[in-house]
Every structure is written in C-alpha cells, then in structure tokens.
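Raw run_27.tsv, TSV, C-alpha atoms:
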```
chain	number	residue	atom	x	y	z
A	13	ASP	CA	-10.67	13.15	-20.71
A	14	PHE	CA	-11.49	9.44	-21.15
A	15	VAL	CA	-15.07	9.96	-19.99
A	16	ALA	CA	-15.61	13.26	-21.79
A	17	THR	CA	-14.37	11.96	-25.14
A	18	SER	CA	-15.94	8.48	-25.03
A	19	ASP	CA	-18.61	7.74	-27.63
A	20	ALA	CA	-21.18	7.09	-24.91
A	21	PHE	CA	-20.88	10.57	-23.43
A	22	ALA	CA	-20.03	12.47	-26.58
A	23	LYS	CA	-23.60	11.83	-27.74
A	24	LEU	CA	-25.07	13.04	-24.44
A	25	SER	CA	-25.03	16.37	-22.66
A	26	PHE	CA	-22.58	17.85	-20.17
A	27	HIS	CA	-25.32	17.38	-17.58
A	28	HIS	CA	-25.16	13.61	-18.08
A	29	ARG	CA	-21.42	13.67	-17.36
A	30	GLU	CA	-22.06	15.66	-14.18
A	31	VAL	CA	-24.60	13.13	-12.95
A	32	PHE	CA	-22.26	10.27	-13.86
A	33	GLY	CA	-19.50	11.91	-11.83
A	34	GLN	CA	-21.71	12.12	-8.74
A	35	VAL	CA	-22.72	8.46	-8.93
A	36	GLY	CA	-19.19	7.15	-9.48
A	37	PHE	CA	-18.19	3.69	-8.30
A	38	GLY	CA	-17.39	2.08	-4.95
A	39	THR	CA	-20.19	4.36	-3.67
A	40	GLY	CA	-17.93	7.36	-4.15
A	41	GLY	CA	-18.19	10.05	-6.80
A	42	TRP	CA	-15.75	10.21	-9.70
A	43	ASP	CA	-16.13	13.93	-10.19
A	44	SER	CA	-14.22	14.79	-7.01
A	45	ASP	CA	-11.27	12.81	-8.30
A	46	PHE	CA	-11.31	12.85	-12.08
A	47	PRO	CA	-7.46	13.22	-12.15
A	48	ASN	CA	-7.20	9.54	-11.14
A	49	SER	CA	-5.64	7.27	-13.73
A	50	MET	CA	-8.30	5.47	-15.76
A	51	LEU	CA	-6.40	2.28	-14.87
A	52	GLU	CA	-7.50	2.75	-11.24
A	53	ILE	CA	-11.14	2.67	-12.29
A	54	LEU	CA	-10.63	-0.15	-14.81
A	55	ARG	CA	-9.04	-2.40	-12.18
A	56	VAL	CA	-11.94	-1.97	-9.77
A	57	VAL	CA	-14.44	-2.81	-12.50
A	58	LEU	CA	-12.56	-5.80	-13.94
A	59	THR	CA	-11.73	-7.34	-10.55
A	60	GLY	CA	-15.31	-6.93	-9.33
A	61	CYS	CA	-14.29	-5.03	-6.19
A	62	ASP	CA	-17.40	-2.90	-6.60
A	63	GLU	CA	-19.78	-5.88	-6.50
A	64	ASN	CA	-21.45	-7.94	-3.77
A	65	GLN	CA	-20.15	-5.86	-0.89
A	66	HIS	CA	-21.21	-6.86	2.63
A	67	LEU	CA	-21.37	-5.07	5.96
A	68	ILE	CA	-18.76	-6.38	8.41
A	69	VAL	CA	-20.33	-6.48	11.86
A	70	GLY	CA	-18.03	-4.53	14.15
A	71	GLY	CA	-16.34	-2.70	11.30
A	72	VAL	CA	-13.51	-3.54	8.94
A	73	GLN	CA	-11.13	-3.54	11.90
A	74	GLN	CA	-12.38	-7.07	12.49
A	75	VAL	CA	-10.01	-8.17	9.70
A	76	PRO	CA	-6.73	-7.30	11.50
A	77	LEU	CA	-8.25	-8.23	14.86
A	78	GLY	CA	-9.24	-11.62	13.45
A	79	LEU	CA	-5.71	-12.22	12.17
A	80	TRP	CA	-4.31	-11.13	15.55
A	81	GLN	CA	-6.55	-13.46	17.53
A	82	HIS	CA	-6.77	-16.44	15.15
A	83	ALA	CA	-5.49	-19.70	16.63
A	84	PRO	CA	-5.00	-22.34	13.88
A	85	ALA	CA	-5.93	-25.95	14.54
A	86	ALA	CA	-3.23	-28.29	15.80
A	87	SER	CA	-3.10	-30.02	12.40
A	88	GLU	CA	-2.11	-26.70	10.77
A	89	MET	CA	0.69	-25.83	13.22
A	90	ARG	CA	4.35	-26.64	12.52
A	91	HIS	CA	6.48	-24.51	14.82
A	92	TRP	CA	4.23	-23.62	17.78
A	93	PRO	CA	1.87	-25.58	20.04
A	94	ALA	CA	-1.87	-25.80	19.37
A	95	GLY	CA	-3.79	-22.67	20.30
A	96	THR	CA	-0.95	-20.28	19.50
A	97	SER	CA	-2.04	-16.94	18.04
A	98	LEU	CA	-0.21	-13.77	17.09
A	99	ALA	CA	-1.66	-12.23	20.25
A	100	SER	CA	-0.22	-14.97	22.46
A	101	LEU	CA	3.19	-14.75	20.75
A	102	HIS	CA	3.26	-11.05	21.65
A	103	HIS	CA	1.92	-11.44	25.21
A	104	GLY	CA	-1.45	-10.00	24.23
A	105	ALA	CA	-0.35	-6.56	23.01
A	106	PRO	CA	1.58	-5.15	20.05
A	107	ARG	CA	4.89	-3.36	20.51
A	108	ALA	CA	5.17	0.42	20.71
A	109	GLY	CA	5.28	2.50	17.51
A	110	VAL	CA	8.44	2.56	15.39
A	111	THR	CA	10.56	5.71	15.12
A	112	ALA	CA	13.68	4.48	13.28
A	113	ILE	CA	14.84	1.67	10.98
A	114	SER	CA	18.51	1.25	10.06
A	115	ARG	CA	21.07	-1.31	8.92
A	116	ALA	CA	22.88	-3.14	11.74
A	117	ALA	CA	25.97	-5.32	11.90
A	118	GLY	CA	25.83	-8.79	10.40
A	119	ASN	CA	23.37	-7.65	7.70
A	120	GLN	CA	20.65	-7.33	10.33
A	121	ILE	CA	18.12	-4.48	10.51
A	122	SER	CA	17.62	-2.39	13.65
A	123	VAL	CA	14.18	-1.19	14.69
A	124	THR	CA	13.83	1.52	17.36
A	125	ASP	CA	10.50	2.16	19.08
A	126	THR	CA	8.99	5.31	20.60
A	127	TRP	CA	10.58	4.55	23.98
A	128	GLY	CA	14.07	4.30	22.53
A	129	ASN	CA	14.31	0.51	22.68
A	130	THR	CA	16.25	-0.99	19.76
A	131	GLN	CA	16.17	-4.59	18.56
A	132	THR	CA	17.70	-6.22	15.49
A	133	TYR	CA	16.04	-8.62	13.06
A	134	PRO	CA	17.13	-10.54	9.95
A	135	ALA	CA	14.17	-9.06	8.02
A	136	VAL	CA	11.62	-6.28	8.50
A	137	LEU	CA	8.14	-5.88	6.99
A	138	THR	CA	6.57	-2.42	7.00
A	139	THR	CA	2.81	-2.16	6.46
A	140	CYS	CA	2.34	1.51	7.31
A	141	GLN	CA	1.29	4.19	4.86
A	142	SER	CA	4.33	4.74	2.63
A	143	TRP	CA	4.69	8.47	3.41
A	144	LEU	CA	5.33	7.57	7.06
A	145	LEU	CA	8.68	6.13	6.00
A	146	THR	CA	9.88	9.72	5.47
A	147	THR	CA	7.75	11.64	7.99
A	148	GLN	CA	7.15	9.50	11.09
A	149	ILE	CA	9.98	6.98	10.83
A	150	ALA	CA	13.68	7.77	10.36
A	151	VAL	CA	14.55	5.17	7.72
A	152	GLU	CA	18.17	4.84	6.65
A	153	GLU	CA	18.48	6.13	3.12
A	154	SER	CA	20.39	3.13	1.77
A	155	LEU	CA	17.63	0.65	2.70
A	156	PHE	CA	15.74	1.66	-0.45
A	157	SER	CA	17.05	2.55	-3.88
A	158	GLN	CA	16.56	6.07	-5.18
A	159	LYS	CA	13.91	4.78	-7.59
A	160	HIS	CA	12.01	3.13	-4.75
A	161	TRP	CA	12.23	6.26	-2.60
A	162	MET	CA	10.77	8.23	-5.49
A	163	ALA	CA	7.90	5.74	-5.83
A	164	LEU	CA	7.20	5.75	-2.08
A	165	ASP	CA	7.24	9.55	-1.82
A	166	ARG	CA	5.32	10.26	-5.01
A	167	THR	CA	2.50	7.93	-4.10
A	168	ARG	CA	-0.55	10.15	-4.15
A	169	TYR	CA	-2.99	9.82	-1.26
A	170	MET	CA	-6.57	11.03	-1.44
A	171	GLN	CA	-8.09	13.34	1.15
A	172	SER	CA	-11.30	12.02	2.65
A	173	SER	CA	-13.64	12.91	5.49
A	174	LYS	CA	-16.59	11.22	7.19
A	175	THR	CA	-19.08	12.40	9.79
A	176	PHE	CA	-21.25	9.90	11.70
A	177	VAL	CA	-24.21	10.26	14.05
A	178	MET	CA	-26.09	7.57	15.97
A	179	VAL	CA	-29.88	7.68	15.81
A	180	ASP	CA	-32.56	6.09	17.96
A	181	ARG	CA	-33.99	3.88	15.21
A	182	PRO	CA	-33.99	3.47	11.40
A	183	PHE	CA	-36.63	6.16	10.93
A	184	TRP	CA	-35.77	6.43	7.25
A	185	ASN	CA	-37.81	3.27	6.69
A	186	ASP	CA	-41.02	5.06	7.73
A	187	LEU	CA	-43.21	5.39	4.66
A	188	LYS	CA	-44.56	8.65	3.32
A	189	ALA	CA	-48.12	9.03	2.03
A	190	ASN	CA	-46.98	8.03	-1.46
A	191	GLY	CA	-45.53	4.73	-0.13
A	192	TRP	CA	-41.88	5.75	-0.50
A	193	PRO	CA	-39.42	5.65	2.42
A	194	GLN	CA	-38.82	8.99	4.11
A	195	MET	CA	-35.15	8.98	3.24
A	196	GLY	CA	-32.58	6.87	1.41
A	197	MET	CA	-28.90	6.64	0.61
A	198	THR	CA	-28.15	10.04	-0.91
A	199	LEU	CA	-25.59	11.10	-3.51
A	200	THR	CA	-25.54	14.83	-4.14
A	201	ASP	CA	-23.41	17.66	-5.48
A	202	ARG	CA	-23.69	19.46	-2.12
A	203	LEU	CA	-21.02	19.27	0.57
A	204	THR	CA	-22.35	16.03	2.09
A	205	ARG	CA	-21.62	14.26	-1.22
A	206	GLY	CA	-22.52	10.78	0.08
A	207	THR	CA	-24.96	10.04	2.93
A	208	TYR	CA	-25.29	6.40	4.01
A	209	LEU	CA	-27.74	4.69	6.36
A	210	PHE	CA	-26.82	1.74	8.59
A	211	ASP	CA	-29.79	-0.27	9.83
A	212	ASN	CA	-29.42	-2.71	12.76
A	213	GLY	CA	-33.08	-3.73	12.73
A	214	PRO	CA	-36.47	-2.22	13.63
A	215	ASP	CA	-36.45	-0.18	16.87
A	216	GLN	CA	-32.69	-0.71	17.22
A	217	PRO	CA	-30.27	2.23	17.19
A	218	GLY	CA	-28.90	2.96	13.76
A	219	VAL	CA	-26.11	5.07	12.30
A	220	ILE	CA	-26.05	7.71	9.60
A	221	CYS	CA	-22.86	8.65	7.81
A	222	LEU	CA	-24.00	12.22	7.21
A	223	SER	CA	-21.14	12.98	4.88
A	224	TYR	CA	-18.53	10.95	3.03
A	225	ALA	CA	-16.43	13.24	0.87
A	226	TRP	CA	-13.20	13.03	-1.12
A	227	MET	CA	-10.45	15.44	-2.20
A	228	GLY	CA	-11.60	19.07	-2.48
A	229	ASP	CA	-14.96	18.23	-0.91
A	230	ALA	CA	-13.14	16.75	2.09
A	231	LEU	CA	-10.96	19.86	2.43
A	232	LYS	CA	-14.11	21.94	2.92
A	233	MET	CA	-14.65	20.06	6.18
A	234	LEU	CA	-11.04	19.98	7.34
A	235	PRO	CA	-10.97	23.26	9.35
A	236	HIS	CA	-14.19	22.48	11.21
A	237	GLY	CA	-14.80	20.58	14.41
A	238	THR	CA	-17.24	17.68	14.60
A	239	GLU	CA	-20.23	19.74	15.80
A	240	LYS	CA	-19.83	22.24	12.97
A	241	ARG	CA	-19.53	19.43	10.43
A	242	VAL	CA	-22.79	17.93	11.71
A	243	GLN	CA	-24.52	21.31	11.43
A	244	LEU	CA	-23.29	21.83	7.86
A	245	ALA	CA	-24.36	18.33	6.83
A	246	LEU	CA	-27.80	18.61	8.44
A	247	SER	CA	-28.32	21.98	6.77
A	248	ALA	CA	-27.52	20.50	3.35
A	249	LEU	CA	-29.75	17.45	3.92
A	250	LYS	CA	-32.62	19.67	5.09
A	251	LYS	CA	-32.76	21.18	1.63
A	252	ILE	CA	-33.04	17.70	0.12
A	253	TYR	CA	-35.46	16.30	2.73
A	254	PRO	CA	-37.38	19.35	4.03
A	255	ASP	CA	-40.01	17.19	5.76
A	256	VAL	CA	-37.60	14.89	7.62
A	257	ASP	CA	-36.45	15.93	11.11
A	258	ILE	CA	-33.14	14.09	11.37
A	259	THR	CA	-32.02	16.07	14.42
A	260	SER	CA	-34.82	14.74	16.64
A	261	HIS	CA	-33.53	11.18	16.19
A	262	ILE	CA	-29.86	11.83	17.00
A	263	ILE	CA	-28.52	10.22	20.19
A	264	GLY	CA	-24.98	10.14	21.56
A	265	ASP	CA	-22.02	12.20	20.39
A	266	PRO	CA	-21.19	12.47	16.68
A	267	ILE	CA	-17.85	11.28	15.33
A	268	SER	CA	-15.84	12.68	12.44
A	269	VAL	CA	-12.55	11.84	10.79
A	270	SER	CA	-10.27	13.53	8.26
A	271	TRP	CA	-7.63	11.04	7.27
A	272	GLU	CA	-5.29	13.65	5.79
A	273	ALA	CA	-5.06	15.35	9.21
A	274	ASP	CA	-4.08	12.14	11.01
A	275	PRO	CA	-0.27	11.94	11.43
A	276	HIS	CA	-0.40	8.15	11.08
A	277	PHE	CA	-2.40	8.21	7.83
A	278	LEU	CA	-1.83	11.50	5.95
A	279	GLY	CA	-4.64	10.50	3.59
A	280	ALA	CA	-7.34	7.90	3.20
A	281	PHE	CA	-5.84	5.73	0.46
A	282	LYS	CA	-3.75	5.81	-2.68
A	283	GLY	CA	-5.16	6.99	-5.97
A	284	ALA	CA	-2.64	6.75	-8.79
A	285	LEU	CA	-2.36	9.63	-11.23
A	286	PRO	CA	-1.71	9.17	-14.95
A	287	GLY	CA	1.97	8.30	-15.34
A	288	HIS	CA	2.20	6.61	-11.92
A	289	TYR	CA	2.05	3.05	-13.25
A	290	ARG	CA	5.83	2.71	-12.96
A	291	TYR	CA	5.70	3.82	-9.32
A	292	ASN	CA	2.95	1.29	-8.65
A	293	HIS	CA	5.04	-1.41	-10.30
A	294	ARG	CA	8.18	-0.56	-8.29
A	295	MET	CA	6.30	-0.76	-5.02
A	296	TYR	CA	4.29	-3.86	-5.88
A	297	SER	CA	7.34	-5.80	-7.13
A	298	HIS	CA	9.65	-4.72	-4.28
A	299	PHE	CA	9.46	-8.20	-2.72
A	300	MET	CA	11.44	-9.53	-5.73
A	301	GLN	CA	14.88	-8.57	-4.39
A	302	ASP	CA	17.36	-10.73	-6.34
A	303	GLY	CA	18.48	-7.73	-8.39
A	304	PHE	CA	18.83	-5.40	-5.40
A	305	ALA	CA	22.09	-4.15	-3.95
A	306	PRO	CA	22.91	-6.01	-0.68
A	307	ALA	CA	22.22	-2.85	1.36
A	308	GLU	CA	18.62	-2.77	0.05
A	309	ARG	CA	17.70	-6.36	0.89
A	310	GLY	CA	15.79	-7.55	3.94
A	311	ILE	CA	13.24	-4.76	4.28
A	312	PHE	CA	9.85	-5.45	2.69
A	313	ILE	CA	6.70	-3.38	2.16
A	314	ALA	CA	3.06	-4.44	2.08
A	315	GLY	CA	-0.40	-2.96	2.39
A	316	ASP	CA	-3.26	-1.83	0.19
A	317	ASP	CA	-1.24	1.23	-0.90
A	318	VAL	CA	1.53	-1.07	-2.18
A	319	SER	CA	-0.98	-3.04	-4.24
A	320	PHE	CA	-2.71	-2.23	-7.48
A	321	THR	CA	-6.08	-2.15	-5.66
A	322	PRO	CA	-5.71	0.53	-2.97
A	323	ALA	CA	-8.43	0.84	-0.31
A	324	TRP	CA	-9.46	-2.80	-0.73
A	325	VAL	CA	-8.61	-5.58	1.74
A	326	GLU	CA	-7.70	-7.85	-1.18
A	327	GLY	CA	-4.74	-5.61	-2.04
A	328	ALA	CA	-3.44	-5.66	1.52
A	329	VAL	CA	-3.71	-9.45	1.74
A	330	GLN	CA	-2.11	-10.02	-1.65
A	331	THR	CA	0.93	-7.82	-0.98
A	332	SER	CA	1.32	-9.38	2.47
A	333	LEU	CA	1.48	-12.86	0.94
A	334	ASN	CA	4.00	-11.54	-1.59
A	335	ALA	CA	6.12	-10.16	1.24
A	336	VAL	CA	5.94	-13.45	3.16
A	337	TRP	CA	7.34	-15.23	0.10
A	338	GLY	CA	10.09	-12.60	-0.15
A	339	ILE	CA	11.01	-12.95	3.52
A	340	VAL	CA	11.07	-16.75	3.33
A	341	LYS	CA	13.43	-16.54	0.34
A	342	HIS	CA	15.58	-13.89	2.07
A	343	LEU	CA	16.00	-16.21	5.06
A	344	GLY	CA	17.05	-19.10	2.83
A	345	GLY	CA	13.73	-20.91	2.56
A	346	ARG	CA	11.58	-21.87	-0.40
A	347	THR	CA	8.05	-22.94	-1.24
A	348	HIS	CA	7.03	-26.52	-1.94
A	349	ALA	CA	7.41	-27.53	-5.57
A	350	ASP	CA	3.70	-28.44	-5.72
A	351	ASN	CA	2.65	-25.08	-4.30
A	352	PRO	CA	4.71	-22.30	-5.92
A	353	GLY	CA	4.65	-18.87	-4.32
A	354	PRO	CA	4.07	-15.49	-6.00
A	355	GLY	CA	7.75	-14.94	-6.64
A	356	ASP	CA	8.15	-18.35	-8.27
A	357	VAL	CA	5.64	-17.42	-10.96
A	358	PHE	CA	6.27	-13.66	-11.06
A	359	ALA	CA	7.80	-13.73	-14.53
A	360	GLU	CA	4.65	-15.45	-15.81
A	361	LEU	CA	1.90	-13.75	-13.79
A	362	GLY	CA	3.44	-10.50	-12.55
A	363	PRO	CA	2.41	-7.08	-13.88
A	364	MET	CA	4.01	-5.74	-17.05
A	365	ALA	CA	7.15	-3.67	-16.51
A	366	LEU	CA	7.46	-0.51	-18.61
A	367	PRO	CA	10.88	0.86	-19.68
A	368	ASP	CA	12.24	3.88	-17.82
```
Would you give me this structure, written as structure tokens?
Amino acid sequence: DFVATSDAFAKLSFHHREVFGQVGFGTGGWDSDFPNSMLEILRVVLTGCDENQHLIVGGVQQVPLGLWQHAPAASEMRHWPAGTSLASLHHGAPRAGVTAISRAAGNQISVTDTWGNTQTYPAVLTTCQSWLLTTQIAVEESLFSQKHWMALDRTRYMQSSKTFVMVDRPFWNDLKANGWPQMGMTLTDRLTRGTYLFDNGPDQPGVICLSYAWMGDALKMLPHGTEKRVQLALSALKKIYPDVDITSHIIGDPISVSWEADPHFLGAFKGALPGHYRYNHRMYSHFMQDGFAPAERGIFIAGDDVSFTPAWVEGAVQTSLNAVWGIVKHLGGRTHADNPGPGDVFAELGPMALPD
C-alpha cells in the first residue's frame, strides 16, 4: 500500500511497480513479501545494511567460528590465562543440543540436553530461533511472561530456498560478439527469482546460486528434491539465456536448502508484519528485567530475530551485547562509569515503547 500509493509510483504504471518489486533490496525482491512492515524496509535503508556488502571467504559461518576460536591477547584477559578461547574452555566442542529449560532450586535455571544430562546455572542465554522455545525445547511456562510468549510465538519467519551448483570456471565472463558477458546476476519473475554468480578467479571453480527465492516462490520448491530443483532452475534460465549451456560446466553434486523445512530453523529469518512493532520491542528489550516477576528473571534471549534488523549479523551482535549487560547485572555486576552499557542508557537511546 505504501509503494502503490506513493507519489513516485502513482505517476507511473503498474508495470513499473512490478519491476520495482522484482529488484527489491538486499538483493531480494520485495514483491514476494509485500506484507512486510514498511518499517522493516526503512530500517535497512537508513542503517545502510544494503550497502558495501562483501563476500566472506568460507561463508558467513566464519563469524561464529571466529568467535569460537578467538584467543584474546594477554593484555585483554582478566579471568583466564593468555591463549584462552571459547573452544578451549569447552574442550574443543560445544555441548549437545538442549531439550528442556526449567527453574531450579535457589533461583537457578536447569538445562537438559539431548542425552538427558541436566545442569543448573545462575543465568541462561538462548540464541536459537524463537519458535524453537515452543517446538524443540520444553521451556517452563513461567520463565517468560504471557506477553513475551505471545511475542516469541507470533514472530513471523520468512520461507526461503536456495539451490547451488559448482561449475568448472566462471564461464559467464566469456564475452559475446557484442562485447557483453554471456551471463550476469539475474533477477526475474520466474521461479528462480534471483540467480547469483560467485567467481573465485579465472580458470578456478566457481559457484552459481541457481535460485534464491522467498515466501510463496520458496514454497514452489519445497516438495522437490535437489536434482528436480536444479532441473527446474536450469529450464527457467534456458529461456533467459538460450545460447548459454550452463549444464556443460556443472561439476560436483548440487546443494539445496529450504529453511522452513529444517526443524532447527523453521524459516530463514524474521520479517515483521504491520502491527508487530510491539512484539519486536518486547523481544528486543527483554534484557531489561528490573520490572519482571522474580520467576521470569535470569533467562535472556539474543540473535538477529530478537533485533530490529533480522537476517543481519549486526542485529545478532547488538542483541548479544545487550544480553551480556543483562546477565552481568543479574549476577550483581555493573559496567564502568566511563563506559556505560546498553541498559545504562536504555531510557535515552532505547526504542520507543508504544502503549498496549
């Protein structure tokens, strides 16, 4: 409604709005997810998340792996010897998955893993997708207020699918007779929606994301196996590039993913609907626990889906730092007066709270 009634588009044709929807932002089309709150789009634009993006060699998983393996210098350590990392503190491997979280004696919190082992802690931080707190993990009802349960459960996650193939070389850089490359990054209204090319250098194997689709377009792929998805994508691209033989360059086995079908994800990322601002605010401000009932204190949430910038690393980092401040305060600590934490300045810098 915002786009359709804006002055810029009111003076143009419906066709212009269609094209605009395919182009979208964050290299993903708006038209597959027009129900999103306009605030979601505004935040991405104003915070510059859509600008100056860079390829992370080894994939975005290098972010958590880097945190896991990072060993701060001796001058930065206070409680552990030099060279200590999260990996070394956990003997090189994370614990098993969590199946239950409940209140224990002495205001502690019990965490039970997939093997039935239970340990208690003075505070717990959950960074999983919020829906897992009601589907994969048996969380004691009283640990969250009814309003927070509503926010966690009503968080809306977007379906998304991707299909990748490895190719022998970046053949798309070969020039046609008119001097143009054979193929380029492709946004279309067909079922591939977005096709992206990853170049590792001349004569080096490359990767094509044949299809990156959201919402209804992702559901079209959901029933199909990887091979069928590749066939459908290649068939669609053949109509766009009739003179390019993509198949002859494919090497290795293709890979596909549908996040909504993964029991540990249930969707790719949050996308707030109009009216969900209050739910966003409840989740984001959960680390401010002074007004909570005693039974609701000591468990904290973080992650990109808790933030106001879902699907971006910045949101995950920001909410994690918020949670660290909350845990420090819960355990009786405080920040240095010269370096206030997020909770110390929340009244001044925190997001606006709307009345219920």
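Taking atom CA of Pro286 of chain A and atom CA of Glu52 of chain A as endpoints, the distance between them is 9.4 Å.
When atom CA of Gln301 of chain A is paired with atom CA of His288 of chain A, their separation reads 21.2 Å.
Taking all atoms listed in the file into account, Thr200 of chain A lies nearest to A:Tyr224 out of the set A:Phe156, A:Phe358, A:Phe46, A:Tyr224.
Here the question is which of A:Ala112, A:Ser49, A:His102, A:Leu67 gets nearest to Leu209 of chain A using only C-alpha atoms, and that residue is A:Leu67.
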task = For His342 of chain A, list every protein, DNA or RNA residue within 10 Å, evaluated using only C-alpha atoms, and leave out those in the same chain fewer than 6 positions away; present the list as an MDAnalysis selection string.
result = chainID A and resid 134:135 299:302 309:311 336
